[in-house]
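With compact mmCIF, C-alpha atoms inside, this is work01.txt:
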# COMPACT_ATOMS: atom_id res chain seq x y z
CA MET A 184 61.66 49.12 136.85
CA ASN A 185 62.77 46.18 138.94
CA ALA A 186 64.75 46.80 142.09
CA PRO A 187 68.39 45.69 142.12
CA ASP A 188 68.80 42.02 142.98
CA PHE A 189 69.93 41.67 146.60
CA HIS A 190 70.88 38.46 148.37
CA PRO A 191 70.98 38.86 152.15
CA SER A 192 72.27 35.30 152.39
CA ASN A 193 75.77 34.95 150.98
CA SER A 194 76.17 31.19 151.11
CA ASP A 195 75.06 30.67 147.51
CA ARG A 196 77.98 32.59 145.99
CA SER A 197 81.38 31.01 145.52
CA HIS A 198 84.53 33.11 145.14
CA GLY A 199 84.44 32.52 141.39
CA GLU A 200 80.82 33.62 141.11
CA LEU A 201 81.48 36.71 143.17
CA LEU A 202 84.52 37.61 141.10
CA LYS A 203 82.47 37.21 137.91
CA LEU A 204 79.70 39.39 139.37
CA MET A 205 82.07 42.20 140.37
CA GLU A 206 83.87 42.07 137.01
CA SER A 207 80.50 42.44 135.28
CA ILE A 208 79.51 45.39 137.47
CA GLY A 209 82.88 47.04 136.89
CA LEU A 210 82.71 46.64 133.12
CA LYS A 211 79.16 48.02 132.98
CA ALA A 212 80.22 51.01 135.09
CA LYS A 213 83.24 51.70 132.90
CA THR A 214 81.13 51.50 129.74
CA SER A 215 78.45 53.74 131.24
CA SER A 216 81.02 56.30 132.36
CA VAL A 217 81.80 57.08 128.70
CA HIS A 218 78.15 57.98 128.07
CA MET A 219 77.90 59.97 131.29
CA ALA A 220 81.00 62.01 130.47
CA ARG A 221 79.48 63.24 127.21
CA ALA A 222 75.91 63.71 128.48
CA SER A 223 74.59 67.24 128.16
CA ALA A 224 73.81 69.37 131.19
CA ALA A 225 70.13 69.37 130.23
CA ILE A 226 69.89 65.57 130.25
CA LYS A 227 71.73 65.22 133.56
CA ASN A 228 69.51 67.88 135.11
CA LYS A 229 66.43 66.09 133.77
CA ALA A 230 67.51 62.93 135.56
CA LEU A 231 68.09 64.83 138.81
CA SER A 232 64.78 66.68 138.68
CA GLY A 233 63.01 63.43 137.82
CA LEU A 234 64.66 61.69 140.75
CA ALA A 235 63.42 64.40 143.12
CA VAL A 236 59.87 63.85 141.86
CA LEU A 237 60.13 60.08 142.28
CA LEU A 238 61.51 60.39 145.81
CA ARG A 239 58.57 62.51 146.91
CA GLN A 240 56.04 60.32 145.12
CA ASP A 241 57.41 57.16 146.73
CA ALA A 242 58.13 58.64 150.18
CA ALA A 243 55.61 56.41 151.94
CA ALA A 244 56.91 53.24 150.27
CA LEU A 245 60.49 54.25 151.06
CA GLN A 246 59.61 54.62 154.74
CA VAL A 247 57.94 51.20 154.76
CA ALA A 248 61.13 49.65 153.35
CA ASN A 249 63.20 51.59 155.87
CA GLN A 250 61.03 50.36 158.73
CA ARG A 251 61.83 46.77 157.75
CA ASP A 252 65.53 47.63 158.08
CA LEU A 253 64.97 49.38 161.42
CA SER A 254 62.99 46.47 162.86
CA ARG A 255 65.60 43.94 161.80
CA ALA A 256 68.42 46.11 163.13
CA ALA A 257 66.72 46.67 166.48
CA ALA A 258 66.11 42.94 166.85
CA ALA A 259 69.79 42.34 166.13
CA GLY A 260 70.76 44.73 168.93
CA LEU A 261 72.12 47.59 166.83
CA ALA A 262 73.17 50.47 169.11
CA GLY A 263 71.19 53.72 169.41
CA PRO A 264 73.47 55.99 167.33
CA MET A 265 73.60 53.41 164.53
CA LEU A 266 69.82 53.07 164.55
CA ASP A 267 69.59 56.85 164.31
CA ARG A 268 71.83 56.81 161.23
CA LEU A 269 69.67 54.11 159.66
CA LYS A 270 66.44 56.10 159.85
CA LEU A 271 64.99 57.47 156.62
CA GLY A 272 62.21 59.77 157.74
CA ALA A 273 60.06 62.17 155.75
CA LYS A 274 62.48 65.02 156.51
CA ASP A 275 65.44 62.95 155.28
CA ILE A 276 63.65 62.11 152.03
CA GLU A 277 62.75 65.75 151.47
CA THR A 278 66.36 66.78 152.15
CA VAL A 279 67.79 64.44 149.51
CA ALA A 280 65.05 65.46 147.06
CA LEU A 281 65.95 69.12 147.63
CA GLY A 282 69.60 68.16 147.15
CA CYS A 283 68.78 66.72 143.73
CA GLU A 284 66.97 69.90 142.77
CA GLN A 285 69.78 72.06 144.10
CA LEU A 286 72.26 70.11 142.02
CA ALA A 287 70.07 70.42 138.93
CA ALA A 288 69.96 74.20 139.38
CA MET A 289 73.72 74.53 139.70
CA PRO A 290 75.97 75.31 136.73
CA ASP A 291 77.52 72.31 135.00
CA VAL A 292 81.27 72.48 135.62
CA ILE A 293 82.10 69.64 133.24
CA GLY A 294 84.00 70.99 130.25
CA GLU A 295 84.76 74.28 131.98
CA ILE A 296 88.17 75.67 130.99
CA ILE A 297 90.05 77.70 133.58
CA GLY A 298 93.33 79.59 133.73
CA MET A 299 93.79 79.95 129.97
CA LYS A 300 97.01 81.91 129.38
CA GLN A 301 98.92 82.93 126.30
CA GLN A 302 102.52 81.64 126.27
CA PRO A 303 105.53 83.27 124.57
CA SER A 304 105.45 80.52 121.94
CA GLY A 305 101.96 81.58 120.89
CA ILE A 306 100.09 78.60 122.32
CA ARG A 307 97.37 79.10 124.90
CA VAL A 308 97.39 76.74 127.88
CA GLY A 309 94.58 76.11 130.37
CA GLN A 310 92.86 73.37 132.29
CA MET A 311 89.55 71.64 131.58
CA ARG A 312 87.39 70.09 134.30
CA VAL A 313 86.42 66.50 133.45
CA PRO A 314 84.73 63.61 135.30
CA ILE A 315 86.90 61.21 137.28
CA GLY A 316 85.22 58.26 135.53
CA VAL A 317 84.01 55.58 137.96
CA PHE A 318 83.94 55.86 141.73
CA GLY A 319 83.11 53.13 144.20
CA MET A 320 81.16 54.11 147.30
CA ILE A 321 81.26 51.89 150.40
CA TYR A 322 79.04 53.03 153.23
CA GLU A 323 77.24 51.93 156.38
CA SER A 324 73.82 52.56 157.83
CA ARG A 325 72.73 55.83 156.26
CA PRO A 326 70.47 55.03 153.26
CA ASN A 327 70.34 58.71 152.24
CA VAL A 328 73.95 58.24 151.06
CA THR A 329 72.55 56.16 148.17
CA ILE A 330 70.82 59.25 146.78
CA GLU A 331 73.63 61.65 147.65
CA ALA A 332 76.19 59.49 145.85
CA ALA A 333 73.94 58.79 142.88
CA SER A 334 72.90 62.43 142.40
CA LEU A 335 76.48 63.67 142.57
CA ALA A 336 77.56 60.98 140.11
CA ILE A 337 74.89 62.13 137.68
CA LYS A 338 75.71 65.83 137.96
CA SER A 339 79.47 65.27 137.70
CA GLY A 340 79.14 62.96 134.69
CA ASN A 341 80.55 59.92 136.48
CA ALA A 342 79.41 56.35 136.93
CA CYS A 343 79.35 54.86 140.41
CA ILE A 344 79.23 51.50 142.11
CA LEU A 345 77.47 51.56 145.47
CA ARG A 346 77.93 49.05 148.26
CA GLY A 347 75.70 49.89 151.21
CA GLY A 348 75.63 48.18 154.58
CA SER A 349 73.56 45.03 155.04
CA GLU A 350 71.56 46.78 157.78
CA ALA A 351 70.09 49.21 155.18
CA ILE A 352 69.48 46.65 152.44
CA GLU A 353 65.73 47.16 152.00
CA SER A 354 66.03 50.95 151.99
CA ASN A 355 68.89 50.89 149.50
CA LYS A 356 67.00 48.52 147.21
CA ALA A 357 64.06 50.89 147.07
CA LEU A 358 66.22 53.99 146.58
CA ALA A 359 68.42 52.42 143.89
CA ALA A 360 65.33 51.40 141.92
CA LEU A 361 64.22 55.05 141.80
CA VAL A 362 67.68 56.21 140.70
CA GLN A 363 67.76 53.75 137.84
CA GLN A 364 64.22 54.71 136.86
CA ALA A 365 65.22 58.39 136.74
CA LEU A 366 68.31 57.59 134.66
CA GLY A 367 66.29 55.56 132.18
CA ASN A 368 63.59 58.21 131.93
CA ALA A 369 66.23 60.80 131.04
CA GLY A 370 67.86 58.61 128.40
CA LEU A 371 70.99 57.90 130.43
CA PRO A 372 72.43 54.40 130.97
CA VAL A 373 70.83 52.75 134.00
CA ASP A 374 74.14 51.03 134.77
CA ALA A 375 75.67 54.43 135.50
CA VAL A 376 74.54 53.80 139.08
CA GLN A 377 74.76 50.20 140.30
CA LEU A 378 74.21 48.74 143.72
CA VAL A 379 76.37 45.71 144.53
CA PRO A 380 73.76 42.91 144.81
CA THR A 381 75.33 41.02 147.70
CA THR A 382 76.17 41.74 151.32
CA ASP A 383 79.20 39.44 151.16
CA ARG A 384 82.18 41.35 152.57
CA GLU A 385 84.42 39.78 149.94
CA ALA A 386 82.68 42.01 147.39
CA VAL A 387 84.24 45.02 149.14
CA GLY A 388 87.67 43.45 148.91
CA LEU A 389 87.21 42.93 145.19
CA LEU A 390 85.77 46.39 144.55
CA ILE A 391 88.68 48.23 146.16
CA THR A 392 91.21 46.37 144.03
CA MET A 393 89.50 46.75 140.63
CA ALA A 394 91.86 49.40 139.30
CA GLN A 395 90.98 48.45 135.73
CA TYR A 396 87.40 49.67 136.29
CA VAL A 397 87.37 51.96 139.35
CA ASP A 398 89.18 55.30 139.52
CA VAL A 399 88.60 56.19 143.19
CA ILE A 400 87.05 54.60 146.28
CA ILE A 401 85.09 56.62 148.83
CA PRO A 402 84.36 54.84 152.13
CA ARG A 403 81.79 56.44 154.42
CA GLY A 404 81.09 54.91 157.79
CA GLY A 405 82.82 53.92 161.00
CA LYS A 406 86.51 54.23 161.65
CA GLY A 407 87.00 50.47 161.36
CA LEU A 408 85.44 50.29 157.89
CA ILE A 409 87.46 53.22 156.59
CA ALA A 410 90.71 51.89 158.03
CA ARG A 411 90.13 48.46 156.43
CA VAL A 412 89.29 49.97 153.05
CA SER A 413 92.31 52.30 153.14
CA ALA A 414 94.65 49.43 154.05
CA GLY A 415 93.44 47.12 151.31
CA ALA A 416 92.69 49.48 148.42
CA LYS A 417 94.70 49.39 145.21
CA VAL A 418 92.99 52.51 143.89
CA PRO A 419 93.04 56.03 145.44
CA VAL A 420 90.81 56.56 148.48
CA ILE A 421 89.00 59.75 149.57
CA LYS A 422 88.33 59.37 153.29
CA HIS A 423 88.08 60.59 156.83
CA LEU A 424 88.58 58.21 159.74
CA ASP A 425 86.63 60.06 162.43
CA GLY A 426 85.06 63.37 163.37
CA ASN A 427 86.52 64.65 166.63
CA CYS A 428 85.24 68.21 166.16
CA HIS A 429 85.81 71.10 168.59
CA VAL A 430 84.18 74.36 169.61
CA TYR A 431 86.49 76.90 171.23
CA VAL A 432 84.78 79.64 173.27
CA ASP A 433 87.14 82.62 173.14
CA ASP A 434 87.70 85.61 175.39
CA PRO A 435 86.05 87.91 174.38
CA CYS A 436 82.83 86.38 173.02
CA ASP A 437 79.08 86.89 173.03
CA ILE A 438 78.20 84.52 175.90
CA ALA A 439 74.54 84.06 174.88
CA MET A 440 75.54 83.28 171.29
CA ALA A 441 78.29 80.94 172.47
CA VAL A 442 75.87 79.00 174.68
CA ASN A 443 73.39 78.65 171.83
CA ILE A 444 76.04 77.43 169.35
CA ALA A 445 77.74 75.05 171.82
CA ASP A 446 74.33 73.54 172.58
CA ASN A 447 73.44 73.11 168.90
CA ALA A 448 76.86 71.80 167.91
CA LYS A 449 76.59 68.98 170.45
CA THR A 450 72.91 68.18 170.98
CA GLN A 451 71.13 68.96 167.70
CA LYS A 452 72.05 65.40 166.67
CA TYR A 453 74.59 63.19 168.39
CA SER A 454 75.44 60.68 165.67
CA PRO A 455 76.86 62.74 162.75
CA CYS A 456 80.59 63.15 162.24
CA ASN A 457 80.24 66.96 162.40
CA ALA A 458 78.76 66.97 165.92
CA THR A 459 81.08 68.63 168.44
CA GLU A 460 82.93 66.23 170.73
CA GLY A 461 85.32 68.65 172.47
CA LEU A 462 84.55 72.01 174.08
CA LEU A 463 87.43 74.37 174.89
CA VAL A 464 86.73 77.46 177.00
CA ALA A 465 89.01 80.44 177.54
CA ARG A 466 89.77 81.00 181.21
CA GLY A 467 88.53 84.59 181.07
CA VAL A 468 84.94 83.56 180.21
CA ALA A 469 84.78 80.14 181.88
CA ALA A 470 82.99 81.35 185.04
CA ALA A 471 80.28 83.07 182.98
CA PHE A 472 79.93 80.50 180.20
CA LEU A 473 80.30 77.06 181.78
CA PRO A 474 77.41 77.22 184.28
CA GLN A 475 75.00 78.17 181.48
CA ILE A 476 76.05 75.48 179.02
CA GLY A 477 76.44 72.95 181.85
CA ALA A 478 72.82 73.45 182.90
CA ILE A 479 71.66 72.82 179.33
CA TYR A 480 73.82 69.73 178.88
CA ALA A 481 72.74 68.31 182.24
CA ALA A 482 69.06 68.85 181.41
CA LYS A 483 69.57 66.93 178.16
CA GLY A 484 71.46 64.10 179.84
CA VAL A 485 74.85 64.93 178.33
CA GLU A 486 77.81 63.56 180.28
CA MET A 487 80.60 66.13 180.65
CA ARG A 488 84.15 64.77 180.90
CA CYS A 489 86.17 67.66 182.25
CA ASP A 490 89.65 68.75 183.22
CA ALA A 491 90.14 69.81 186.85
CA GLU A 492 89.34 73.48 186.25
CA ALA A 493 86.12 72.81 184.38
CA GLN A 494 85.14 70.23 187.03
CA SER A 495 85.53 72.78 189.80
CA ILE A 496 82.98 75.03 188.09
CA LEU A 497 80.54 72.41 186.79
CA ARG A 498 80.40 69.65 189.40
CA PRO A 499 78.70 71.74 192.14
CA LEU A 500 76.02 72.67 189.59
CA CYS A 501 75.65 69.50 187.52
CA GLY A 502 76.60 66.71 189.92
CA ALA A 503 76.87 63.22 188.44
CA ASN A 504 76.76 64.55 184.87
CA VAL A 505 80.34 65.75 185.40
CA GLN A 506 83.20 63.24 185.29
CA ALA A 507 86.99 63.55 185.22
CA ALA A 508 88.44 63.43 181.71
CA THR A 509 91.23 61.04 180.79
CA GLU A 510 93.87 61.67 178.13
CA GLN A 511 91.89 59.46 175.75
CA ASP A 512 88.83 61.70 176.08
CA TRP A 513 90.62 64.48 174.20
CA TYR A 514 90.93 62.14 171.18
CA GLU A 515 87.47 60.60 171.39
CA GLU A 516 84.66 60.69 168.82
CA TYR A 517 81.72 59.80 171.06
CA LEU A 518 78.76 59.92 168.65
CA ALA A 519 76.71 60.00 171.85
CA PRO A 520 75.54 62.43 174.57
CA ILE A 521 79.07 62.82 175.94
CA ILE A 522 81.41 65.79 175.52
CA SER A 523 84.93 66.57 176.74
CA ILE A 524 85.44 70.03 178.29
CA LYS A 525 88.73 71.80 178.99
CA VAL A 526 89.57 75.29 180.21
CA VAL A 527 92.45 76.85 178.26
CA GLU A 528 94.39 80.07 178.71
CA GLY A 529 93.35 81.48 175.34
CA VAL A 530 93.49 81.12 171.58
CA ASP A 531 97.13 79.93 171.52
CA GLU A 532 96.46 76.96 173.79
CA ALA A 533 93.19 76.21 171.98
CA ILE A 534 94.93 75.99 168.60
CA VAL A 535 97.68 73.75 169.99
CA HIS A 536 95.12 71.44 171.64
CA ILE A 537 92.98 71.17 168.51
CA ASN A 538 95.90 70.47 166.19
CA GLN A 539 97.13 67.75 168.58
CA TYR A 540 93.87 65.96 169.38
CA SER A 541 91.47 66.87 166.55
CA SER A 542 90.75 64.51 163.67
CA HIS A 543 91.11 67.57 161.39
CA HIS A 544 87.46 67.42 160.36
CA THR A 545 85.72 70.59 161.61
CA ASP A 546 86.60 73.07 164.35
CA ALA A 547 84.99 76.38 165.33
CA ILE A 548 85.91 79.51 167.29
CA LEU A 549 83.27 81.66 168.97
CA THR A 550 84.76 85.12 169.39
CA ARG A 551 84.40 88.89 169.16
CA ASP A 552 88.10 89.33 168.38
CA HIS A 553 88.78 89.63 164.64
CA LEU A 554 92.49 88.89 164.99
CA HIS A 555 91.79 85.76 167.04
CA ALA A 556 89.33 84.62 164.38
CA GLN A 557 91.85 85.17 161.60
CA ARG A 558 94.56 83.28 163.49
CA PHE A 559 92.20 80.38 164.15
CA LEU A 560 91.23 80.20 160.46
CA ARG A 561 94.86 80.21 159.33
CA GLU A 562 96.43 77.99 161.97
CA VAL A 563 93.89 75.27 162.74
CA ASP A 564 94.75 72.39 160.40
CA SER A 565 91.27 71.08 159.65
CA ALA A 566 89.16 70.52 156.54
CA SER A 567 86.50 73.01 157.71
CA VAL A 568 87.25 75.88 160.10
CA MET A 569 84.45 78.13 161.32
CA VAL A 570 83.91 81.43 163.10
CA ASN A 571 80.77 81.96 165.20
CA ALA A 572 78.87 79.01 163.70
CA SER A 573 77.96 75.47 164.71
CA THR A 574 80.15 72.62 163.49
CA ARG A 575 76.92 70.94 162.34
CA PHE A 576 77.08 73.15 159.24
CA ALA A 577 80.03 71.10 157.89
CA ASP A 578 77.88 69.39 155.31
CA GLY A 579 77.68 69.45 151.53
CA PHE A 580 74.00 70.44 151.48
CA GLU A 581 74.56 73.25 154.00
CA PHE A 582 77.65 74.43 152.07
CA GLY A 583 75.53 74.77 148.92
CA LEU A 584 77.12 71.81 147.13
CA GLY A 585 73.72 70.20 146.53
CA ALA A 586 74.84 67.07 148.34
CA GLU A 587 78.05 65.49 149.47
CA ILE A 588 79.69 62.21 148.70
CA GLY A 589 81.43 62.38 152.06
CA ILE A 590 83.76 64.58 154.05
CA SER A 591 87.47 64.23 153.43
CA THR A 592 90.16 64.96 155.98
CA ASP A 593 92.82 64.09 153.42
CA LYS A 594 94.70 66.95 151.81
CA PHE A 595 94.66 65.34 148.35
CA HIS A 596 92.66 65.14 146.13
CA ALA A 597 89.67 66.66 147.92
CA ARG A 598 89.27 68.17 151.41
CA GLY A 599 86.14 68.89 153.44
CA PRO A 600 82.66 68.11 152.08
CA VAL A 601 83.16 66.48 148.68
CA GLY A 602 80.68 67.74 146.10
CA ILE A 603 80.74 68.03 142.31
CA GLU A 604 84.23 69.46 141.96
CA GLY A 605 85.63 66.81 144.28
CA LEU A 606 84.43 64.19 141.79
CA THR A 607 86.20 65.81 138.86
CA SER A 608 89.75 66.13 137.65
CA LEU A 609 91.60 68.76 135.65
CA LYS A 610 93.46 68.06 132.45
CA TYR A 611 95.62 70.48 130.52
CA VAL A 612 94.34 71.75 127.19
CA VAL A 613 96.50 73.54 124.64
CA LEU A 614 95.11 75.73 121.85
CA GLY A 615 97.38 76.59 118.99
CA GLN A 616 97.38 78.06 115.50
CA GLY A 617 100.10 75.99 113.92
CA GLU A 618 102.90 76.64 116.43
CA VAL A 619 105.85 74.25 116.48
CA ARG A 620 108.60 74.05 119.06
CA GLY A 621 111.96 75.39 117.97
Write-out of the structure in structure tokens:
Amino acid sequence: MNAPDFHPSNSDRSHGELLKLMESIGLKAKTSSVHMARASAAIKNKALSGLAVLLRQDAAALQVANQRDLSRAAAAGLAGPMLDRLKLGAKDIETVALGCEQLAAMPDVIGEIIGMKQQPSGIRVGQMRVPIGVFGMIYESRPNVTIEAASLAIKSGNACILRGGSEAIESNKALAALVQQALGNAGLPVDAVQLVPTTDREAVGLLITMAQYVDVIIPRGGKGLIARVSAGAKVPVIKHLDGNCHVYVDDPCDIAMAVNIADNAKTQKYSPCNATEGLLVARGVAAAFLPQIGAIYAAKGVEMRCDAEAQSILRPLCGANVQAATEQDWYEEYLAPIISIKVVEGVDEAIVHINQYSSHHTDAILTRDHLHAQRFLREVDSASVMVNASTRFADGFEFGLGAEIGISTDKFHARGPVGIEGLTSLKYVVLGQGEVRG
């Protein structure tokens, strides 16, 4: 199967040509969505299993294509965290292949009827889970999103239109070709997953206003991209603007466990939106905890931006790695080896701080106190709230969703990692035996 037609140069497309192209893509997606909605679970699972096989078979070729993107991006001066997001290594390919298989093994929720209740009139009323229809996905850097979006579209019986960043164009071309091959092999319409064949930004502007074809837009990338899409969209948007995630080390806690989790949550990978950016430490454990985590951060080159109390403990031990925090640091998503650190009185102050400064993405408490844990779970207003676990687990694959289309900090229609159910809707169904309303 031929790879989707990409044009890195945009000068050959007039506004009229681009409008015609996007209208064609939209119509094909809408038509394909009808076939996807009625596809059997067996056929959708065949496509997903086949895609996993193709990904593994073509892993070497995928990495060659990805290296072309990486070389071009490095030459263009792309920053370190963005280069990290662009990488498609063997482990990344295996992860998305496993995600496809995990999705294939999961029950098919499409057509599921829930909450069926008999009414006094005799009718029975419930809700059926159905596909949304067509979603548009706009994303930057990470080529693995192509497979995550496509696999979730297949499992949820939707069609999707993908518009990846120009920096990942070669990787996305190669991945999209495999998706369409898997769809065709399973007898599903290849246009159920389409990659927008131009890097012209005007295509994004058209996609987010095509309400006649697109049911929801999902932007995944930097805060600037998501803000622009949200401002200009004429269809619903599932989004999160940033990931200012926190770990709160409570009094009492298991210090060794807390050190291990705080290390992992920050340094396991700096660039993801679920990496911890703010560390809050209860005053009662600060003297025992901060020197241990500070030594680890300093050894790994992590800059610690601290309030006065944390500075007084850490600066004598960690020297230049410790800097004074500003008010802006409490809001910041660094995506880099930098973390803000504040000493708080206890769980009350931690909850207030998180709800004020957090982006409501993912926040964790490390504690031995069950009541503190329960309060944190109830009162922290975030999409994912954790007890004694790293914020890095806020991920569709880790949550057992098979994959994720993104992480939503909205409260409607989906919140947290968006998997299959986040790409569906519920409609009311009524079963009767001849009842009429009196």
* **Nearby residues (all atoms listed in the file) at most 8 Å from Pro435 (chain A), same-chain spacing under 6 positions excluded, as an NGL selection string** => :A and (467-468 or 550-552)
* **Best match for closeness to Ala493 (chain A) among A:Gln506, A:Asn457, A:Asn368, A:Asn447, counting all atoms listed in the file** => A:Gln506
* Asked: Between A:Leu286, A:Ala242, A:Ile524, A:Ala410, which is the closest to Gly461 (chain A) once you count all atoms listed in the file?
  -> A:Ile524
* To do: Skip Gly316 (chain A) itself and residues of its chain fewer than 3 positions away, then list as a list in words all residues within 9 Å of it, counting only C-alpha atoms.
  => Ala212, Lys213, Ser216, Val217, Met219, Ala220, Val313, Gly340, Asn341, Ala342, Cys343, Tyr396, Val397, Asp398, Val399, Leu606 and Thr607 of chain A
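The spacing separating CA of Ala572 (chain A) from CA of Cys456 (chain A) amounts to 16.0 Å.
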* Structure fact -> Of A:Met205, A:Gly233, A:Gly309, A:Asn249, the one sitting nearest Val613 (chain A) when using only C-alpha atoms is A:Gly309
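If you count only C-alpha atoms and draw a sphere of 10 Å around (79.4, 64.4, 143.2), the protein and nucleic acid residues inside it come out as Leu286, Pro314, Phe318, Glu331, Ala332, Ala333, Ser334, Leu335, Ala336, Ile337, Lys338, Ser339, Gly340, Asn341, Cys343, Gly579, Leu584, Gly585, Ala586, Glu587, Ile588, Gly589, Val601, Gly602, Ile603, Glu604, Gly605, Leu606 and Thr607 of chain A.
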Output of the above residues as a short mmCIF file (atom, residue, chain, number, x, y, z; two decimals), in the coordinates of the input, restricted to C-alpha atoms:
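Result file result_15.cif:
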data_model
loop_
_atom_site.label_atom_id
_atom_site.label_comp_id
_atom_site.auth_asym_id
_atom_site.auth_seq_id
_atom_site.Cartn_x
_atom_site.Cartn_y
_atom_site.Cartn_z
CA LEU A 286 72.26 70.11 142.02
CA PRO A 314 84.73 63.61 135.30
CA PHE A 318 83.94 55.86 141.73
CA GLU A 331 73.63 61.65 147.65
CA ALA A 332 76.19 59.49 145.85
CA ALA A 333 73.94 58.79 142.88
CA SER A 334 72.90 62.43 142.40
CA LEU A 335 76.48 63.67 142.57
CA ALA A 336 77.56 60.98 140.11
CA ILE A 337 74.89 62.13 137.68
CA LYS A 338 75.71 65.83 137.96
CA SER A 339 79.47 65.27 137.70
CA GLY A 340 79.14 62.96 134.69
CA ASN A 341 80.55 59.92 136.48
CA CYS A 343 79.35 54.86 140.41
CA GLY A 579 77.68 69.45 151.53
CA LEU A 584 77.12 71.81 147.13
CA GLY A 585 73.72 70.20 146.53
CA ALA A 586 74.84 67.07 148.34
CA GLU A 587 78.05 65.49 149.47
CA ILE A 588 79.69 62.21 148.70
CA GLY A 589 81.43 62.38 152.06
CA VAL A 601 83.16 66.48 148.68
CA GLY A 602 80.68 67.74 146.10
CA ILE A 603 80.74 68.03 142.31
CA GLU A 604 84.23 69.46 141.96
CA GLY A 605 85.63 66.81 144.28
CA LEU A 606 84.43 64.19 141.79
CA THR A 607 86.20 65.81 138.86
#
For Lys452 (chain A), work out the shell of residues within 9 Å, counting only C-alpha atoms and skipping chain neighbours fewer than 5 positions away, then give it as an mmCIF file with C-alpha atoms, keeping the file's coordinate frame.
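selection-v1.cif written:
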data_model
loop_
_atom_site.group_PDB
_atom_site.id
_atom_site.type_symbol
_atom_site.label_atom_id
_atom_site.label_comp_id
_atom_site.auth_asym_id
_atom_site.auth_seq_id
_atom_site.Cartn_x
_atom_site.Cartn_y
_atom_site.Cartn_z
ATOM 1 C CA ASN A 447 73.440 73.110 168.900
ATOM 2 C CA ALA A 458 78.760 66.970 165.920
ATOM 3 C CA LEU A 518 78.760 59.920 168.650
ATOM 4 C CA ALA A 519 76.710 60.000 171.850
ATOM 5 C CA ARG A 575 76.920 70.940 162.340
#
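CA of Lys270 (chain A) sits 11.1 Å away from CA of Val247 (chain A).
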* **Contacts of Val387 (chain A) at 9 Å (only C-alpha atoms; same-chain gap of 6+ positions) as a PyMOL selection string** => chain A and resi 321+346+412
